[in-house]
file data_13.json (JSON, C-alpha atoms and all ligand atoms)
[["chain", "number", "residue", "atom", "x", "y", "z"],
["I", 1, "MET", "CA", 65.15, 69.07, 61.70],
["I", 2, "VAL", "CA", 62.49, 71.68, 61.34],
["I", 3, "ASN", "CA", 60.45, 73.59, 63.86],
["I", 4, "LEU", "CA", 57.16, 75.45, 63.68],
["I", 5, "LEU", "CA", 55.78, 78.45, 65.53],
["I", 6, "VAL", "CA", 52.03, 78.84, 65.89],
["I", 7, "LEU", "CA", 50.94, 82.41, 66.71],
["I", 8, "ALA", "CA", 47.33, 82.53, 67.87],
["I", 9, "PRO", "CA", 45.08, 84.02, 70.54],
["I", 10, "ARG", "CA", 45.81, 82.57, 74.00],
["I", 11, "LYS", "CA", 42.44, 80.85, 74.04],
["I", 12, "LYS", "CA", 43.06, 78.60, 71.06],
["I", 13, "SER", "CA", 40.22, 77.60, 68.77],
["I", 14, "ILE", "CA", 39.57, 73.89, 68.25],
["I", 15, "SER", "CA", 40.85, 74.27, 64.68],
["I", 16, "THR", "CA", 44.14, 75.70, 65.97],
["I", 17, "ASP", "CA", 44.45, 72.79, 68.43],
["I", 18, "MET", "CA", 43.84, 70.33, 65.61],
["I", 19, "LEU", "CA", 46.60, 71.94, 63.52],
["I", 20, "ILE", "CA", 49.02, 71.89, 66.46],
["I", 21, "SER", "CA", 48.34, 68.18, 67.14],
["I", 22, "ALA", "CA", 48.83, 67.33, 63.48],
["I", 23, "ALA", "CA", 52.01, 69.43, 63.34],
["I", 24, "LYS", "CA", 53.51, 67.64, 66.35],
["I", 25, "ARG", "CA", 53.47, 64.44, 64.31],
["I", 26, "MET", "CA", 55.41, 66.10, 61.49],
["I", 27, "PHE", "CA", 57.71, 68.80, 62.87],
["I", 28, "LYS", "CA", 60.55, 68.18, 65.26],
["I", 29, "ARG", "CA", 59.34, 70.95, 67.51],
["I", 30, "VAL", "CA", 56.08, 72.94, 67.63],
["I", 31, "ASP", "CA", 55.84, 76.03, 69.84],
["I", 32, "PHE", "CA", 52.70, 77.97, 70.56],
["I", 33, "VAL", "CA", 53.00, 81.66, 71.44],
["I", 34, "PRO", "CA", 49.93, 83.78, 72.26],
["I", 35, "LEU", "CA", 49.79, 86.82, 69.97],
["I", 36, "ARG", "CA", 49.49, 89.22, 72.89],
["I", 37, "GLU", "CA", 52.69, 87.95, 74.47],
["I", 38, "VAL", "CA", 54.81, 88.95, 71.51],
["I", 39, "SER", "CA", 56.77, 92.18, 71.67],
["I", 40, "LEU", "CA", 58.26, 94.04, 68.73],
["I", 41, "GLU", "CA", 61.43, 96.02, 69.16],
["I", 42, "VAL", "CA", 62.76, 98.84, 67.05],
["I", 43, "SER", "CA", 66.17, 100.10, 68.13],
["I", 44, "ASP", "CA", 69.65, 99.70, 66.67],
["I", 45, "LYS", "CA", 68.42, 96.21, 65.97],
["I", 46, "PHE", "CA", 64.90, 94.96, 65.24],
["I", 47, "GLY", "CA", 63.27, 92.14, 67.09],
["I", 48, "VAL", "CA", 60.22, 89.92, 67.42],
["I", 49, "LEU", "CA", 60.35, 88.56, 70.94],
["I", 50, "HIS", "CA", 58.60, 86.32, 73.41],
["I", 51, "ASP", "CA", 59.95, 85.99, 76.97],
["I", 52, "GLU", "CA", 63.05, 87.87, 75.76],
["I", 53, "ILE", "CA", 63.66, 85.13, 73.19],
["I", 54, "SER", "CA", 63.75, 85.90, 69.47],
["I", 55, "LEU", "CA", 60.99, 84.37, 67.31],
["I", 56, "LEU", "CA", 62.99, 84.75, 64.11],
["I", 57, "ASP", "CA", 64.62, 81.35, 64.07],
["I", 58, "TYR", "CA", 61.67, 79.17, 63.24],
["I", 59, "ASP", "CA", 61.58, 77.31, 59.95],
["I", 60, "TYR", "CA", 57.92, 78.19, 59.50],
["I", 61, "VAL", "CA", 55.39, 80.41, 61.25],
["I", 62, "LEU", "CA", 51.69, 79.54, 61.09],
["I", 63, "PRO", "CA", 49.67, 82.58, 62.21],
["I", 64, "ARG", "CA", 46.06, 82.33, 63.34],
["I", 65, "ILE", "CA", 45.19, 86.00, 63.72],
["I", 66, "ASP", "CA", 41.59, 86.74, 64.66],
["I", 67, "SER", "CA", 39.89, 90.11, 64.09],
["I", 68, "LYS", "CA", 40.65, 91.29, 67.66],
["I", 69, "HIS", "CA", 44.37, 90.90, 67.00],
["I", 70, "ALA", "CA", 44.33, 92.09, 63.37],
["I", 71, "SER", "CA", 46.10, 95.38, 64.03],
["I", 72, "PHE", "CA", 48.83, 94.06, 66.34],
["I", 73, "GLY", "CA", 49.07, 90.89, 64.23],
["I", 74, "TYR", "CA", 49.64, 93.00, 61.12],
["I", 75, "HIS", "CA", 52.76, 94.52, 62.66],
["I", 76, "ILE", "CA", 54.08, 91.16, 63.83],
["I", 77, "ILE", "CA", 53.72, 89.73, 60.32],
["I", 78, "LYS", "CA", 55.19, 92.89, 58.82],
["I", 79, "MET", "CA", 58.33, 92.41, 60.88],
["I", 80, "LEU", "CA", 58.48, 88.70, 60.02],
["I", 81, "ASP", "CA", 58.23, 89.79, 56.35],
["I", 82, "PHE", "CA", 61.21, 92.06, 56.90],
["I", 83, "PHE", "CA", 63.25, 89.10, 58.16],
["I", 84, "ASP", "CA", 62.03, 86.76, 55.38],
["I", 85, "VAL", "CA", 60.55, 84.28, 57.80],
["I", 86, "LYS", "CA", 58.52, 81.61, 55.97],
["I", 87, "LYS", "CA", 54.75, 81.73, 56.53],
["I", 88, "PRO", "CA", 51.61, 81.44, 54.42],
["I", 89, "TYR", "CA", 51.10, 85.16, 53.79],
["I", 90, "PRO", "CA", 52.58, 88.67, 54.06],
["I", 91, "ALA", "CA", 51.17, 91.44, 56.29],
["I", 92, "GLU", "CA", 49.14, 92.84, 53.41],
["I", 93, "SER", "CA", 46.89, 89.77, 53.47],
["I", 94, "ILE", "CA", 45.62, 90.82, 56.89],
["I", 95, "LEU", "CA", 44.45, 94.16, 55.51],
["I", 96, "ILE", "CA", 42.65, 92.42, 52.67],
["I", 97, "ALA", "CA", 41.15, 89.39, 54.39],
["I", 98, "HIS", "CA", 40.04, 91.13, 57.59],
["I", 99, "ASN", "CA", 37.94, 93.60, 55.63],
["I", 100, "LYS", "CA", 35.07, 92.14, 53.62],
["I", 101, "PHE", "CA", 35.13, 95.05, 51.16],
["I", 102, "ALA", "CA", 38.85, 94.72, 50.46],
["I", 103, "THR", "CA", 38.37, 90.98, 49.96],
["I", 104, "ILE", "CA", 35.56, 91.46, 47.43],
["I", 105, "PHE", "CA", 37.52, 94.20, 45.63],
["I", 106, "GLU", "CA", 40.76, 92.21, 45.32],
["I", 107, "ALA", "CA", 38.84, 89.05, 44.38],
["I", 108, "LYS", "CA", 36.93, 90.75, 41.57],
["I", 109, "LYS", "CA", 40.14, 92.34, 40.26],
["I", 110, "ASN", "CA", 41.65, 88.88, 40.10],
["I", 111, "GLY", "CA", 38.79, 87.45, 38.04],
["I", 112, "VAL", "CA", 36.87, 85.84, 40.92],
["I", 113, "PRO", "CA", 33.06, 86.00, 40.61],
["I", 114, "VAL", "CA", 31.52, 87.90, 43.55],
["I", 115, "PRO", "CA", 28.10, 89.43, 44.27],
["I", 116, "ARG", "CA", 27.64, 93.06, 43.26],
["I", 117, "THR", "CA", 28.69, 95.03, 46.34],
["I", 118, "ILE", "CA", 28.42, 98.64, 47.42],
["I", 119, "TYR", "CA", 30.40, 100.01, 50.36],
["I", 120, "THR", "CA", 28.96, 103.01, 52.22],
["I", 121, "PHE", "CA", 29.51, 104.92, 55.44],
["I", 122, "SER", "CA", 26.42, 107.12, 55.77],
["I", 123, "GLN", "CA", 22.67, 106.95, 55.69],
["I", 124, "LYS", "CA", 22.73, 109.44, 52.84],
["I", 125, "SER", "CA", 24.99, 107.40, 50.54],
["I", 126, "ALA", "CA", 23.32, 104.11, 51.50],
["I", 127, "ASN", "CA", 19.87, 105.52, 50.68],
["I", 128, "GLU", "CA", 21.18, 106.70, 47.33],
["I", 129, "THR", "CA", 22.06, 103.12, 46.38],
["I", 130, "ILE", "CA", 18.51, 101.85, 46.92],
["I", 131, "HIS", "CA", 17.21, 102.63, 43.45],
["I", 132, "ARG", "CA", 20.12, 100.66, 41.96],
["I", 133, "MET", "CA", 19.46, 97.51, 44.02],
["I", 134, "SER", "CA", 16.94, 94.77, 43.46],
["I", 135, "PHE", "CA", 15.59, 93.32, 46.66],
["I", 136, "PRO", "CA", 16.27, 91.32, 48.73],
["I", 137, "VAL", "CA", 19.75, 92.61, 49.53],
["I", 138, "VAL", "CA", 22.30, 91.51, 52.11],
["I", 139, "VAL", "CA", 23.67, 94.17, 54.45],
["I", 140, "LYS", "CA", 26.93, 93.36, 56.25],
["I", 141, "LEU", "CA", 29.26, 94.95, 58.72],
["I", 142, "VAL", "CA", 32.63, 95.13, 57.07],
["I", 143, "SER", "CA", 34.62, 93.23, 59.70],
["I", 144, "SER", "CA", 32.07, 90.89, 61.26],
["I", 145, "PHE", "CA", 32.25, 87.11, 61.51],
["I", 146, "GLY", "CA", 30.15, 84.12, 62.53],
["I", 147, "GLY", "CA", 27.18, 85.47, 60.59],
["I", 148, "LYS", "CA", 26.52, 88.01, 63.36],
["I", 149, "GLY", "CA", 26.85, 91.14, 61.24],
["I", 150, "VAL", "CA", 24.80, 89.88, 58.28],
["I", 151, "LEU", "CA", 21.22, 91.01, 57.63],
["I", 152, "PHE", "CA", 18.81, 90.09, 54.87],
["I", 153, "VAL", "CA", 16.71, 93.06, 53.85],
["I", 154, "GLU", "CA", 13.53, 92.37, 51.89],
["I", 155, "GLY", "CA", 12.46, 95.81, 50.70],
["I", 156, "GLU", "CA", 13.01, 99.52, 50.56],
["I", 157, "THR", "CA", 11.29, 100.43, 53.84],
["I", 158, "ALA", "CA", 13.31, 97.89, 55.82],
["I", 159, "ALA", "CA", 16.49, 99.01, 54.03],
["I", 160, "ARG", "CA", 15.96, 102.66, 54.96],
["I", 161, "SER", "CA", 15.45, 101.79, 58.61],
["I", 162, "VAL", "CA", 18.57, 99.58, 58.69],
["I", 163, "PHE", "CA", 20.62, 102.39, 57.12],
["I", 164, "LYS", "CA", 19.27, 104.84, 59.68],
["I", 165, "THR", "CA", 20.26, 102.61, 62.61],
["I", 166, "MET", "CA", 23.72, 102.00, 61.16],
["I", 167, "ASP", "CA", 24.18, 105.73, 60.71],
["I", 168, "VAL", "CA", 23.48, 106.27, 64.42],
["I", 169, "LEU", "CA", 26.05, 103.55, 65.21],
["I", 170, "LYS", "CA", 28.56, 105.19, 62.82],
["I", 171, "GLN", "CA", 28.98, 101.86, 61.05],
["I", 172, "ASP", "CA", 30.33, 101.39, 57.53],
["I", 173, "LEU", "CA", 28.28, 98.88, 55.56],
["I", 174, "LEU", "CA", 28.42, 96.51, 52.63],
["I", 175, "ILE", "CA", 25.26, 96.24, 50.59],
["I", 176, "GLU", "CA", 25.33, 93.10, 48.43],
["I", 177, "ASP", "CA", 23.05, 91.46, 45.92],
["I", 178, "TYR", "CA", 21.36, 88.48, 47.54],
["I", 179, "ILE", "CA", 22.47, 85.29, 45.82],
["I", 180, "GLU", "CA", 19.55, 82.86, 45.55],
["I", 181, "ASN", "CA", 20.40, 79.62, 47.34],
["I", 182, "PRO", "CA", 18.67, 76.88, 49.28],
["I", 183, "GLY", "CA", 20.38, 77.90, 52.56],
["I", 184, "GLU", "CA", 23.65, 76.27, 51.56],
["I", 185, "ASP", "CA", 27.16, 77.37, 50.81],
["I", 186, "ILE", "CA", 30.35, 75.53, 50.01],
["I", 187, "ARG", "CA", 33.87, 75.90, 51.34],
["I", 188, "GLY", "CA", 37.14, 74.86, 49.78],
["I", 189, "ILE", "CA", 40.43, 74.95, 51.64],
["I", 190, "VAL", "CA", 43.53, 75.82, 49.66],
["I", 191, "ALA", "CA", 47.08, 74.95, 50.70],
["I", 192, "GLY", "CA", 49.50, 75.92, 47.94],
["I", 193, "ASP", "CA", 48.36, 74.38, 44.69],
["I", 194, "GLU", "CA", 46.13, 71.80, 46.32],
["I", 195, "ILE", "CA", 42.55, 71.77, 47.59],
["I", 196, "VAL", "CA", 43.06, 70.01, 50.93],
["I", 197, "GLY", "CA", 39.42, 69.80, 51.93],
["I", 198, "SER", "CA", 35.93, 70.83, 50.92],
["I", 199, "PHE", "CA", 32.40, 70.54, 52.22],
["I", 200, "LYS", "CA", 28.98, 72.08, 52.17],
["I", 201, "ARG", "CA", 27.34, 74.02, 55.00],
["I", 202, "VAL", "CA", 23.61, 73.65, 55.27],
["I", 203, "ALA", "CA", 21.72, 76.33, 57.22],
["I", 204, "ARG", "CA", 19.28, 75.47, 59.99],
["I", 205, "LYS", "CA", 15.63, 75.45, 58.89],
["I", 206, "GLY", "CA", 14.27, 78.98, 58.63],
["I", 207, "GLU", "CA", 17.78, 80.52, 58.68],
["I", 208, "LYS", "CA", 19.41, 81.94, 55.56],
["I", 209, "ARG", "CA", 22.92, 82.09, 56.99],
["I", 210, "SER", "CA", 24.76, 78.77, 57.00],
["I", 211, "ASN", "CA", 27.30, 79.63, 59.75],
["I", 212, "PHE", "CA", 27.86, 76.82, 62.30],
["I", 213, "PHE", "CA", 27.54, 79.47, 64.98],
["I", 214, "LEU", "CA", 23.92, 79.76, 63.85],
["I", 215, "GLY", "CA", 23.21, 76.05, 63.70],
["I", 216, "GLY", "CA", 24.52, 75.23, 60.19],
["I", 217, "LYS", "CA", 25.47, 71.60, 59.53],
["I", 218, "PRO", "CA", 28.40, 70.16, 57.55],
["I", 219, "LYS", "CA", 27.84, 67.84, 54.57],
["I", 220, "GLU", "CA", 30.27, 66.08, 52.28],
["I", 221, "TYR", "CA", 30.99, 67.84, 49.04],
["I", 222, "THR", "CA", 33.69, 67.62, 46.38],
["I", 223, "LEU", "CA", 34.36, 70.83, 44.46],
["I", 224, "THR", "CA", 33.92, 70.96, 40.70],
["I", 225, "GLU", "CA", 36.92, 71.94, 38.54],
["I", 226, "GLU", "CA", 35.41, 75.42, 38.11],
["I", 227, "GLU", "CA", 35.01, 75.84, 41.88],
["I", 228, "LYS", "CA", 38.60, 74.68, 42.47],
["I", 229, "GLU", "CA", 39.89, 77.20, 39.97],
["I", 230, "ILE", "CA", 37.92, 79.95, 41.72],
["I", 231, "CYS", "CA", 39.41, 78.94, 45.09],
["I", 232, "PHE", "CA", 42.97, 79.22, 43.73],
["I", 233, "LYS", "CA", 42.22, 82.65, 42.25],
["I", 234, "ALA", "CA", 40.64, 83.81, 45.53],
["I", 235, "ALA", "CA", 43.75, 82.67, 47.44],
["I", 236, "GLU", "CA", 45.89, 84.61, 44.99],
["I", 237, "ALA", "CA", 43.68, 87.67, 45.44],
["I", 238, "VAL", "CA", 44.31, 87.78, 49.20],
["I", 239, "LYS", "CA", 47.97, 86.78, 48.58],
["I", 240, "SER", "CA", 47.87, 83.81, 50.94],
["I", 241, "LYS", "CA", 48.92, 80.22, 50.32],
["I", 242, "ILE", "CA", 46.50, 78.90, 52.94],
["I", 243, "VAL", "CA", 42.86, 80.04, 52.86],
["I", 244, "ALA", "CA", 39.28, 78.91, 53.22],
["I", 245, "VAL", "CA", 37.06, 80.12, 50.40],
["I", 246, "ASP", "CA", 33.30, 80.32, 50.92],
["I", 247, "MET", "CA", 31.12, 80.24, 47.83],
["I", 248, "ILE", "CA", 27.45, 80.15, 46.96],
["I", 249, "GLN", "CA", 26.34, 78.17, 43.92],
["I", 250, "SER", "CA", 24.21, 80.67, 42.04],
["I", 251, "LYS", "CA", 22.34, 80.23, 38.78],
["I", 252, "GLU", "CA", 25.21, 82.03, 37.03],
["I", 253, "GLY", "CA", 27.82, 79.78, 38.63],
["I", 254, "PRO", "CA", 29.75, 79.90, 41.90],
["I", 255, "LYS", "CA", 30.22, 83.26, 43.63],
["I", 256, "VAL", "CA", 32.71, 83.91, 46.41],
["I", 257, "ILE", "CA", 31.32, 85.61, 49.51],
["I", 258, "GLU", "CA", 34.23, 85.31, 51.90],
["I", 259, "VAL", "CA", 37.91, 84.36, 52.05],
["I", 260, "ASN", "CA", 39.34, 83.44, 55.45],
["I", 261, "LEU", "CA", 43.03, 83.31, 56.40],
["I", 262, "ASN", "CA", 42.28, 81.05, 59.38],
["I", 263, "PRO", "CA", 40.38, 78.11, 57.94],
["I", 264, "GLY", "CA", 37.91, 76.70, 60.45],
["I", 265, "ILE", "CA", 38.40, 72.97, 60.02],
["I", 266, "LYS", "CA", 36.61, 71.33, 62.94],
["I", 267, "ALA", "CA", 33.31, 70.61, 61.18],
["I", 268, "MET", "CA", 34.99, 69.86, 57.87],
["I", 269, "ALA", "CA", 37.15, 67.20, 59.50],
["I", 270, "GLN", "CA", 33.96, 65.30, 60.35],
["I", 271, "THR", "CA", 33.19, 64.77, 56.67],
["I", 272, "GLU", "CA", 34.72, 62.30, 54.25],
["I", 273, "THR", "CA", 35.79, 65.12, 51.87],
["I", 274, "GLY", "CA", 37.61, 67.00, 54.64],
["I", 275, "LYS", "CA", 38.80, 64.41, 57.10],
["I", 276, "ASP", "CA", 42.57, 64.83, 56.60],
["I", 277, "VAL", "CA", 42.49, 68.59, 56.34],
["I", 278, "ALA", "CA", 44.66, 69.39, 59.40],
["I", 279, "LYS", "CA", 47.31, 66.88, 58.35],
["I", 280, "LYS", "CA", 47.36, 68.20, 54.79],
["I", 281, "ILE", "CA", 47.68, 71.83, 55.89],
["I", 282, "VAL", "CA", 50.65, 71.11, 58.16],
["I", 283, "ARG", "CA", 52.22, 68.87, 55.54],
["I", 284, "PHE", "CA", 52.08, 71.84, 53.19],
["I", 285, "CYS", "CA", 53.80, 74.02, 55.84],
["I", 286, "HIS", "CA", 56.46, 71.34, 56.31],
["I", 287, "ASN", "CA", 57.09, 71.11, 52.55],
["I", 288, "GLU", "CA", 57.45, 74.89, 52.40],
["I", 289, "THR", "CA", 60.43, 74.72, 54.77],
["I", 290, "LYS", "CA", 62.31, 72.76, 52.10],
["I", 291, "ARG", "CA", 61.87, 75.39, 49.43],
["I", 301, "LIG", "N1", 25.32, 87.87, 49.10],
["I", 301, "LIG", "C1", 24.78, 86.85, 49.77],
["I", 301, "LIG", "N2", 23.71, 86.19, 49.28],
["I", 301, "LIG", "C2", 23.15, 85.15, 49.95],
["I", 301, "LIG", "N3", 23.57, 84.70, 51.14],
["I", 301, "LIG", "C3", 24.63, 85.31, 51.70],
["I", 301, "LIG", "C4", 25.30, 86.42, 51.04],
["I", 301, "LIG", "N4", 26.32, 86.82, 51.82],
["I", 301, "LIG", "C5", 26.28, 86.02, 52.91],
["I", 301, "LIG", "N5", 25.29, 85.11, 52.85],
["I", 301, "LIG", "C6", 24.97, 84.07, 53.87],
["I", 301, "LIG", "O1", 25.30, 84.61, 55.15],
["I", 301, "LIG", "C7", 26.37, 83.87, 55.76],
["I", 301, "LIG", "C8", 27.35, 84.82, 56.48],
["I", 301, "LIG", "O2", 27.95, 85.74, 55.56],
["I", 301, "LIG", "P1", 29.52, 86.03, 55.51],
["I", 301, "LIG", "O3", 29.76, 87.09, 54.52],
["I", 301, "LIG", "O4", 30.25, 84.75, 55.33],
["I", 301, "LIG", "O5", 29.78, 86.63, 56.96],
["I", 301, "LIG", "P2", 30.52, 86.00, 58.24],
["I", 301, "LIG", "O6", 31.92, 86.46, 58.14],
["I", 301, "LIG", "O7", 29.81, 86.60, 59.39],
["I", 301, "LIG", "O8", 30.42, 84.51, 58.15],
["I", 301, "LIG", "C9", 27.02, 83.12, 54.61],
["I", 301, "LIG", "O9", 27.66, 81.94, 55.06],
["I", 301, "LIG", "C10", 25.84, 82.83, 53.70],
["I", 301, "LIG", "O10", 25.12, 81.69, 54.18],
["I", 302, "MG", "MG", 31.24, 83.42, 56.59]]

call {"tool": "encode", "arguments": {"input": "data_13.json", "output": "C-alpha cells", "more": "lines below"}}
Ligand SMILES: Nc1ncnc2c1ncn2[C@@H]1O[C@H](COP(=O)(O)OP(=O)(O)O)[C@@H](O)[C@H]1O
Ligand SMILES: [Mg+2]
result
Amino acid sequence: MVNLLVLAPRKKSISTDMLISAAKRMFKRVDFVPLREVSLEVSDKFGVLHDEISLLDYDYVLPRIDSKHASFGYHIIKMLDFFDVKKPYPAESILIAHNKFATIFEAKKNGVPVPRTIYTFSQKSANETIHRMSFPVVVKLVSSFGGKGVLFVEGETAARSVFKTMDVLKQDLLIEDYIENPGEDIRGIVAGDEIVGSFKRVARKGEKRSNFFLGGKPKEYTLTEEEKEICFKAAEAVKSKIVAVDMIQSKEGPKVIEVNLNPGIKAMAQTETGKDVAKKIVRFCHNETKR
C-alpha cells in the first residue's frame, strides 16, 4: 500500500488542493507537510524531518515549491535525492525552472524553439543590446511570475528608460524578441510520456499578457503533434517528469516561453481538454511507485 507526501507552502494553492483530493482517491495515505516546517539535519546521520519524524519513508514525494521557497526547497530536494526518494525531479530542476534565463538556455540546448533572449544586469549592457533588437521587445524580471514582471517595450526611447529604472533597482533582466500573437498562448501539461492536459489562455481585451492573474480566460485546445513533441523536450530540458509548458504559436511555429514545475491546473480543469488533469497527474505519481 503506497503513501504520498505533498510538500507545499502552508497556504496551499487551489491546484495543490485539487492534486491532494485526487491523490486521496488513489493512494492509501496522503500527508501534507508545509515546506517551512521541514528541518534538515546533518550530523553523524542525515535527516529530513517534520515534527521529529523522518520524511524519507514515503513511496513518492510531490513537491510544490514556489519561488519564495526555492532556496530552502532546493536543499530539501537535494537531500531527498541523496536518499533516492521518488519524486518528479531532482534539485537541479529548481535551479533551472525558477530562473527564466536558465529555462530558456536549457530548452534551446535541448532543441526546443524559444524567442531570442538576452540576459543583462546593467544599464550599460542592456543599452548595448538595443541596436541588435527589433522592436517591440519583451523585458522580464528573471524570477517573476503571474505576468507581473513582464513589460512590452515599443521602441528605443522606452527601452532606455526601462533599463535605467532597472539599473537603479539593481535588477537583472531578460530582453526577448516579441512573438507576434493575438493575445493567446497555449499550455501543455506533461506527466512522464503523456500529455495529461492542454488548453489555450486568451488575454483580456487590451492586454498582451494572457496570465489568469491579469484576467486571461481558459479555452479548450488540443496540442498538435509538433507541440506535444516540444513539450516533452522542454520537460527533458528542465529534467522534470511533471511540468507545464507555455508556448506561443508564432509564424515560424510554436515557441516556448516558460516551463513550470508546479502546473497550475485550476482553470485547465474547467475545459474539456484538461478536465481530468489532477487525476492523471496523481495516477502518474502512483505508477512511478511501482517502478
Ligand atoms: N516573448 C514574448 N512574446 C510575446 N508575448 C510574451 C512573450 N513572453 C511573454 N509573453 C506574454 O506574457 C505573459 C507572461 O510571460 P511569462 O514569461 O510567462 O511570465 P510569468 O512567469 O510572469 O507568467 C505570457 O503568458 C505571454 O502572454
Ligand atoms: Mg507565464

call {"tool": "atom_distance", "arguments": {"input": "data_13.json", "atom1": "atom CA of Asp172 of chain I", "atom2": "atom CA of Val238 of chain I"}}
result
21.2 Å

call {"tool": "closest_residue", "arguments": {"input": "data_13.json", "among": "I:Phe82, I:Phe145, I:Tyr119, I:Phe72", "to": "ligand MG 302 (chain I)", "atoms": "all atoms listed in the file"}}
result
I:Phe145

call {"tool": "residues_near_point", "arguments": {"input": "data_13.json", "point": "(26.0, 95.7, 47.5)", "cutoff": "9 Å", "atoms": "all atoms listed in the file", "output": "list in words"}}
result
Pro115, Arg116, Thr117, Ile118, Tyr119, Thr129, Met133, Val137, Val138, Val139, Leu173, Leu174, Ile175, Glu176, Asp177 and Tyr178 of chain I

call {"tool": "residues_near_ligand", "arguments": {"input": "data_13.json", "ligand": "ligand LIG 301 (chain I)", "cutoff": "6 Å", "atoms": "only C-alpha atoms and all ligand atoms", "output": "PyMOL selection string"}}
result
chain I and resi 115+138+144-150+176-179+185+208-211+257-258

call {"tool": "closest_residue", "arguments": {"input": "data_13.json", "among": "I:Pro263, I:Pro136, I:Gly274, I:Pro182", "to": "ligand MG 302 (chain I)", "atoms": "all atoms listed in the file"}}
result
I:Pro263

call {"tool": "closest_residue", "arguments": {"input": "data_13.json", "among": "I:Asp57, I:Asp246, I:Asp66, I:Asp167", "to": "ligand MG 302 (chain I)", "atoms": "only C-alpha atoms and all ligand atoms"}}
result
I:Asp246

call {"tool": "closest_residue", "arguments": {"input": "data_13.json", "among": "I:Ala237, I:Lys266, I:Leu80, I:Glu194", "to": "Pro218 of chain I", "atoms": "only C-alpha atoms"}}
result
I:Lys266

call {"tool": "axis_aligned_box", "arguments": {"input": "data_13.json", "around": "segment 129-144 of chain I", "padding_each_side": "3 Å", "output": "lines of an AutoDock Vina configuration file"}}
result
center_x = 25.1
center_y = 97.0
center_z = 51.6
size_x = 25.0
size_y = 18.2
size_z = 25.3

call {"tool": "atom_distance", "arguments": {"input": "data_13.json", "atom1": "atom CA of Thr157 of chain I", "atom2": "atom CA of Ser122 of chain I"}}
result
16.7 Å

call {"tool": "closest_residue", "arguments": {"input": "data_13.json", "among": "I:Leu169, I:Glu229, I:Arg187, I:Glu252", "to": "ligand MG 302 (chain I)", "atoms": "only C-alpha atoms and all ligand atoms"}}
result
I:Arg187

call {"tool": "closest_residue", "arguments": {"input": "data_13.json", "among": "I:Lys100, I:Lys124, I:Lys108, I:Lys279", "to": "ligand MG 302 (chain I)", "atoms": "only C-alpha atoms and all ligand atoms"}}
result
I:Lys100

call {"tool": "decode", "arguments": {"input": "data_13.json", "residues": "segment 35-55 of chain I", "atoms": "C-alpha atoms", "output": "mmCIF file, in the first residue's frame"}}
result
data_model
loop_
_atom_site.group_PDB
_atom_site.id
_atom_site.type_symbol
_atom_site.label_atom_id
_atom_site.label_comp_id
_atom_site.auth_asym_id
_atom_site.auth_seq_id
_atom_site.Cartn_x
_atom_site.Cartn_y
_atom_site.Cartn_z
ATOM 1 C CA LEU I 35 7.773 23.410 3.316
ATOM 2 C CA ARG I 36 8.743 25.745 6.147
ATOM 3 C CA GLU I 37 8.070 23.093 8.767
ATOM 4 C CA VAL I 38 10.686 20.738 7.380
ATOM 5 C CA SER I 39 14.082 20.593 9.028
ATOM 6 C CA LEU I 40 17.242 19.152 7.527
ATOM 7 C CA GLU I 41 19.827 17.554 9.743
ATOM 8 C CA VAL I 42 23.476 16.952 9.056
ATOM 9 C CA SER I 43 25.275 15.069 11.816
ATOM 10 C CA ASP I 44 26.544 11.508 12.096
ATOM 11 C CA LYS I 45 23.348 10.740 10.266
ATOM 12 C CA PHE I 46 21.398 12.848 7.767
ATOM 13 C CA GLY I 47 17.738 13.599 8.087
ATOM 14 C CA VAL I 48 14.709 15.260 6.541
ATOM 15 C CA LEU I 49 12.291 15.786 9.384
ATOM 16 C CA HIS I 50 8.887 17.118 10.297
ATOM 17 C CA ASP I 51 7.750 17.097 13.941
ATOM 18 C CA GLU I 52 10.816 14.938 14.686
ATOM 19 C CA ILE I 53 9.516 12.325 12.235
ATOM 20 C CA SER I 54 11.554 11.288 9.202
ATOM 21 C CA LEU I 55 10.118 12.142 5.771
#
